[in-house]
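J.: This is the structure, below, for whatever I ask next.
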Amino acid sequence: MEPVWFTFLNGADIERLELTDTEILDAVEDGLRAQGLGQTVIEPRVHLMPDPAFNGHFNVLRGYIAPLALAGVKIVGDYVDNHQAGLPSEMALLNLFDPRSGMPVAVLDATAITEMRTGALTALGARHLARPDAKVLGHIGARATSYWNVRLLDRIFDLSEIRVHSRRPESREAFAGRLAEELGKPVVVTEDWQSCVEGADIVVEASRLRRPEPLLRTEWISPGALVVPYGTNSAVELTLTDIMDKIVVDDWGQAHAGPFGALRVHVDSGRLNKANLHGELGEIVAGVKPGRESAEETILFWHRGLSLSDIALGAAMLKKAAERGLGQRLRFA
């Protein structure tokens, strides 16, 4: 048998790629377009919880993108208490394969990929579903993906007011400080959820609750707003879906499966179902279904996280790494 080689990109390699905001958004949008055109296969994520005492679990995401000729599997750990040990709460590996032979193509540190593609999905959802003149963002949560949410939303909308809140004062202050420095504009730190989200044009809920708790009140949402909840445990009220003119998800197969998600109880109770779902974001990106159609629409976009986005962004990183001579070529067999 001929030798089989694959590329390994570690975290330092990925940092040296210096992907631009546009490169990140374009890669993830290409993956969404392929999904909307039926050129992908995506399996609902599965979970492994080694021991409840560890307060964490692993997510396993799987998918295939035909235009990229890549299949991929990402394993990401989600450990809420890691900050106490100075570790990120989410660390991941992405494995890419040749779908025709099953042979490995690459292994990438997917920690930054997870953060970037999550922010890109939030921002792309807003590009198609928020009002074009949206200027006020209310963002709950200061997790690693939160930075990319705000950065990429600001790239698209040039926000005039950014409000942030999270459970720990030290985390929200540090988060706001980083954003203000890198975006070159003021960031308002709020003491509570209501003052963060009330009256905002775009509301992002990226909290890290230990158990479901309805902390985001439906009455705080302004008509015409876009709401993007994606916490592992639900922080929204049951009535949130009642005020929505459109509800969009990243993938319905994942949305109605598994134990986690911001609208889990809405799906399990039948409040959100295939019949009243407007569609998937990929369908809107591909032009199969409309996005926002009027300034008056109040819209909800729930994303669970797509393996397709990991694969698409990983492919873009591999291409740029080859151009820059980065990464290690390792022998598999």
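In the structure tokens, the first chain shown is A, the next is B, and so on; residue numbers restart at 1 for each chain, and ligands run from 1 in the order shown.
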Can you write out as JSON lines which residues of range 19-44 of chain A fall within 8 Å of range 64-82 of chain A, alongside each residue's closest atom pair and its distance in Å to one decimal, counting only C-alpha atoms and ordering rows by chain and ascending residue number?
T.:
```
{"residue": "A:Gly31", "atom": "CA", "partner": "A:Ile65", "partner_atom": "CA", "distance": 7.3}
{"residue": "A:Ala34", "atom": "CA", "partner": "A:Ile65", "partner_atom": "CA", "distance": 7.1}
{"residue": "A:Gln35", "atom": "CA", "partner": "A:Ile65", "partner_atom": "CA", "distance": 7.8}
{"residue": "A:Gln39", "atom": "CA", "partner": "A:Ala66", "partner_atom": "CA", "distance": 5.6}
{"residue": "A:Thr40", "atom": "CA", "partner": "A:Ile65", "partner_atom": "CA", "distance": 4.6}
{"residue": "A:Val41", "atom": "CA", "partner": "A:Tyr64", "partner_atom": "CA", "distance": 5.0}
{"residue": "A:Ile42", "atom": "CA", "partner": "A:Tyr64", "partner_atom": "CA", "distance": 6.5}
```
J.: Generate a file of the selected residues that holds N, CA and C atoms, formatted as a PDB file, in the first residue's frame.
T.:
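The result, stored in out_16.pdb:
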```pdb
ATOM      1  N   GLY A  31     -20.780  26.942   3.255  1.00  0.00           N
ATOM      2  CA  GLY A  31     -21.307  25.702   3.822  1.00  0.00           C
ATOM      3  C   GLY A  31     -22.810  25.735   3.961  1.00  0.00           C
ATOM      4  N   ALA A  34     -24.434  25.319   0.496  1.00  0.00           N
ATOM      5  CA  ALA A  34     -24.414  23.917   0.075  1.00  0.00           C
ATOM      6  C   ALA A  34     -25.512  23.135   0.784  1.00  0.00           C
ATOM      7  N   GLN A  35     -25.705  23.411   2.060  1.00  0.00           N
ATOM      8  CA  GLN A  35     -26.772  22.754   2.811  1.00  0.00           C
ATOM      9  C   GLN A  35     -28.138  23.096   2.222  1.00  0.00           C
ATOM     10  N   GLN A  39     -26.704  19.744  -0.978  1.00  0.00           N
ATOM     11  CA  GLN A  39     -25.415  19.165  -1.355  1.00  0.00           C
ATOM     12  C   GLN A  39     -24.618  18.685  -0.144  1.00  0.00           C
ATOM     13  N   THR A  40     -25.298  18.420   0.958  1.00  0.00           N
ATOM     14  CA  THR A  40     -24.624  18.011   2.185  1.00  0.00           C
ATOM     15  C   THR A  40     -25.360  16.849   2.836  1.00  0.00           C
ATOM     16  N   VAL A  41     -24.667  16.216   3.755  1.00  0.00           N
ATOM     17  CA  VAL A  41     -25.281  15.248   4.665  1.00  0.00           C
ATOM     18  C   VAL A  41     -24.889  15.676   6.067  1.00  0.00           C
ATOM     19  N   ILE A  42     -25.867  15.772   6.953  1.00  0.00           N
ATOM     20  CA  ILE A  42     -25.576  16.140   8.337  1.00  0.00           C
ATOM     21  C   ILE A  42     -26.351  15.215   9.263  1.00  0.00           C
TER      22      ILE A  42
END
```
J.: At most 12 Å is the cut-off: for each residue in range 38-155 of chain A with any atom that close to an atom of range 301-321 of chain A, write down the nearest atom pair and the distance in Å rounded to one decimal, counting only C-alpha atoms, chain first then increasing number, as CSV.
T.:
```
residue,atom,partner,partner_atom,distance
A:Gln39,CA,A:Leu308,CA,10.8
A:Thr40,CA,A:Leu308,CA,7.9
A:Val41,CA,A:Leu308,CA,8.5
A:Ile42,CA,A:Ser307,CA,7.1
A:Glu43,CA,A:Ser307,CA,8.5
A:Pro44,CA,A:Leu306,CA,9.1
A:Arg45,CA,A:Ser307,CA,8.3
A:Val46,CA,A:Ser307,CA,11.6
A:Asn59,CA,A:Gly305,CA,10.2
A:Val60,CA,A:Ser307,CA,8.8
A:Leu61,CA,A:Ser307,CA,5.2
A:Arg62,CA,A:Ser307,CA,5.5
A:Gly63,CA,A:Ser307,CA,5.5
A:Tyr64,CA,A:Leu308,CA,6.9
A:Ile65,CA,A:Leu308,CA,6.8
A:Ala66,CA,A:Leu308,CA,10.6
A:Pro67,CA,A:Ala312,CA,9.9
A:Leu68,CA,A:Ala315,CA,7.6
A:Ala69,CA,A:Ala315,CA,9.8
A:Leu70,CA,A:Ile311,CA,7.4
A:Ala71,CA,A:Ile311,CA,7.4
A:Gly72,CA,A:Ile311,CA,6.0
A:Val73,CA,A:Ser307,CA,7.3
A:Lys74,CA,A:Ser307,CA,7.0
A:Ile75,CA,A:Ser307,CA,9.9
A:Val76,CA,A:Ser307,CA,11.0
A:Ala92,CA,A:Asp310,CA,10.6
A:Leu93,CA,A:Asp310,CA,10.1
A:Leu94,CA,A:Asp310,CA,7.5
A:Asn95,CA,A:Ile311,CA,8.7
A:Leu96,CA,A:Ile311,CA,7.3
A:Phe97,CA,A:Ile311,CA,10.0
A:Asp98,CA,A:Ala315,CA,11.9
A:Val105,CA,A:Leu318,CA,9.7
A:Ala106,CA,A:Leu318,CA,8.1
A:Val107,CA,A:Gly314,CA,9.2
A:Leu108,CA,A:Gly314,CA,7.4
A:Asp109,CA,A:Gly314,CA,9.5
A:Ala110,CA,A:Asp310,CA,7.9
A:Thr111,CA,A:Asp310,CA,10.3
A:Ala112,CA,A:Asp310,CA,10.1
A:Ile113,CA,A:Asp310,CA,6.4
A:Thr114,CA,A:Asp310,CA,6.8
A:Glu115,CA,A:Asp310,CA,9.9
A:Met116,CA,A:Leu313,CA,8.6
A:Arg117,CA,A:Ser309,CA,6.0
A:Thr118,CA,A:Gly305,CA,6.6
A:Gly119,CA,A:Gly305,CA,10.1
A:Ala120,CA,A:Ser309,CA,8.9
A:Leu121,CA,A:His303,CA,7.7
A:Thr122,CA,A:His303,CA,7.8
A:Ala123,CA,A:Phe301,CA,10.7
A:Leu124,CA,A:Phe301,CA,10.4
A:Gly125,CA,A:Phe301,CA,6.8
A:Ala126,CA,A:Phe301,CA,8.4
A:Arg127,CA,A:Phe301,CA,11.4
A:His128,CA,A:Phe301,CA,10.3
A:Leu129,CA,A:Phe301,CA,7.9
A:Ala130,CA,A:Phe301,CA,9.7
A:Thr145,CA,A:Gly305,CA,11.2
```
J.: Let's see if you can do this: from backbone DSSP, list all strand (DSSP E) residues in range 114-330 of chain A, as a ChimeraX atom specification.
T.: /A:136-140,161-165,188-189,202-205,226-229,246-249,279-280,299-302,328-330
J.: Using the selection just defined, write its residues with C-alpha atoms as a short mmCIF file (atom, residue, chain, number, x, y, z; two decimals), in the first residue's frame.
T.:
```cif
data_model
loop_
_atom_site.label_atom_id
_atom_site.label_comp_id
_atom_site.auth_asym_id
_atom_site.auth_seq_id
_atom_site.Cartn_x
_atom_site.Cartn_y
_atom_site.Cartn_z
CA VAL A 136 -28.31 48.10 19.06
CA LEU A 137 -27.06 44.71 20.26
CA GLY A 138 -27.95 43.14 23.60
CA HIS A 139 -25.62 40.19 24.25
CA ILE A 140 -26.00 37.79 27.17
CA GLU A 161 -24.60 50.47 20.89
CA ILE A 162 -23.27 47.20 22.28
CA ARG A 163 -24.55 45.99 25.66
CA VAL A 164 -23.16 42.89 27.38
CA HIS A 165 -24.04 40.95 30.50
CA VAL A 188 -21.89 49.00 27.94
CA VAL A 189 -21.74 46.50 30.81
CA ILE A 202 -30.56 42.14 17.95
CA VAL A 203 -30.65 39.99 21.10
CA VAL A 204 -28.16 37.14 21.49
CA GLU A 205 -28.54 34.71 24.38
CA LEU A 226 -34.10 39.42 15.95
CA VAL A 227 -33.55 37.03 18.87
CA VAL A 228 -30.75 34.45 18.69
CA PRO A 229 -30.76 31.99 21.62
CA LYS A 246 -40.71 33.61 11.73
CA ILE A 247 -38.68 30.92 13.48
CA VAL A 248 -35.53 29.74 11.70
CA VAL A 249 -33.04 27.05 12.74
CA GLY A 279 -37.11 27.05 7.51
CA GLU A 280 -33.39 26.50 7.87
CA ILE A 299 -37.82 36.76 14.15
CA LEU A 300 -36.10 34.04 16.15
CA PHE A 301 -33.00 32.20 14.91
CA TRP A 302 -31.97 29.16 16.95
CA GLN A 328 2.73 19.32 9.80
CA ARG A 329 2.49 16.45 7.35
CA LEU A 330 2.11 13.25 9.37
#
```
J.: For the atom pair CA of Glu198 in chain A and CA of Asn149 in chain A, what is the interatomic distance in Å to one decimal place?
T.: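 Going from CA of Glu198 in chain A over to CA of Asn149 in chain A, I get 18.6 Å.
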J.: Would you kindly return, as a PyMOL selection string, each protein, DNA or RNA residue with an atom no farther than 10 Å from any atom of Ser234 in chain A, considering only C-alpha atoms and excluding same-chain residues fewer than 4 positions away?
T.: chain A and resi 205-216+229-230+238+260-266
J.: For the atom pair CA of Asp268 in chain A and CA of His256 in chain A, what is the interatomic distance in Å to one decimal place?
T.: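 Distance between the two atoms: 7.7 Å.
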J.: If I take CA of Glu29 in chain A and CA of Leu9 in chain A, how far is one from the other in Å, to one decimal?
T.: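 Result for CA of Glu29 in chain A versus CA of Leu9 in chain A: 22.4 Å, one decimal.
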J.: Between A:Glu18, A:Glu90, A:Asp250, A:Glu297, which has the minimum distance to Leu281 in chain A (counting only C-alpha atoms)?
T.: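 Among the listed residues, the smallest separation from Leu281 in chain A belongs to A:Asp250.
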J.: So which residues touch Ala144 in chain A within 8 Å, counting only C-alpha atoms, skipping near sequence neighbours fewer than 2 positions away, as a ChimeraX atom specification?
T.: /A:88-90,115,142,146-148
J.: Output the selection as a PDB file, in the first residue's frame - N, CA, C and O atoms for each residue.
T.:
```pdb
ATOM      1  N   PRO A  88     -10.026  26.865  28.865  1.00  0.00           N
ATOM      2  CA  PRO A  88     -11.251  27.225  28.147  1.00  0.00           C
ATOM      3  C   PRO A  88     -12.334  26.192  28.391  1.00  0.00           C
ATOM      4  O   PRO A  88     -12.042  25.006  28.608  1.00  0.00           O
ATOM      5  N   SER A  89     -13.573  26.647  28.354  1.00  0.00           N
ATOM      6  CA  SER A  89     -14.684  25.718  28.614  1.00  0.00           C
ATOM      7  C   SER A  89     -14.909  24.769  27.452  1.00  0.00           C
ATOM      8  O   SER A  89     -15.461  23.686  27.627  1.00  0.00           O
ATOM      9  N   GLU A  90     -14.497  25.174  26.253  1.00  0.00           N
ATOM     10  CA  GLU A  90     -14.685  24.335  25.069  1.00  0.00           C
ATOM     11  C   GLU A  90     -13.352  24.120  24.359  1.00  0.00           C
ATOM     12  O   GLU A  90     -12.683  25.084  23.981  1.00  0.00           O
ATOM     13  N   GLU A 115     -15.286  28.523  17.989  1.00  0.00           N
ATOM     14  CA  GLU A 115     -15.617  29.886  18.383  1.00  0.00           C
ATOM     15  C   GLU A 115     -15.962  30.739  17.165  1.00  0.00           C
ATOM     16  O   GLU A 115     -16.968  31.460  17.145  1.00  0.00           O
ATOM     17  N   ALA A 142     -20.547  35.628  28.128  1.00  0.00           N
ATOM     18  CA  ALA A 142     -19.181  36.063  27.823  1.00  0.00           C
ATOM     19  C   ALA A 142     -18.299  34.856  27.521  1.00  0.00           C
ATOM     20  O   ALA A 142     -17.093  34.912  27.718  1.00  0.00           O
ATOM     21  N   SER A 146     -18.792  34.118  22.363  1.00  0.00           N
ATOM     22  CA  SER A 146     -19.439  35.425  22.456  1.00  0.00           C
ATOM     23  C   SER A 146     -18.624  36.508  21.773  1.00  0.00           C
ATOM     24  O   SER A 146     -19.181  37.422  21.143  1.00  0.00           O
ATOM     25  N   TYR A 147     -17.308  36.435  21.918  1.00  0.00           N
ATOM     26  CA  TYR A 147     -16.447  37.432  21.283  1.00  0.00           C
ATOM     27  C   TYR A 147     -16.681  37.472  19.780  1.00  0.00           C
ATOM     28  O   TYR A 147     -16.818  38.545  19.183  1.00  0.00           O
ATOM     29  N   TRP A 148     -16.748  36.302  19.158  1.00  0.00           N
ATOM     30  CA  TRP A 148     -16.934  36.244  17.706  1.00  0.00           C
ATOM     31  C   TRP A 148     -18.342  36.638  17.305  1.00  0.00           C
ATOM     32  O   TRP A 148     -18.548  37.212  16.228  1.00  0.00           O
TER      33      TRP A 148
END
```
J.: Using only C-alpha atoms, which residues sit within 10 Å of Gly287 in chain A once same-chain residues fewer than 5 positions away are excluded, as JSON, numbers by chain?
T.: {"A": [33, 36, 37, 281, 282]}
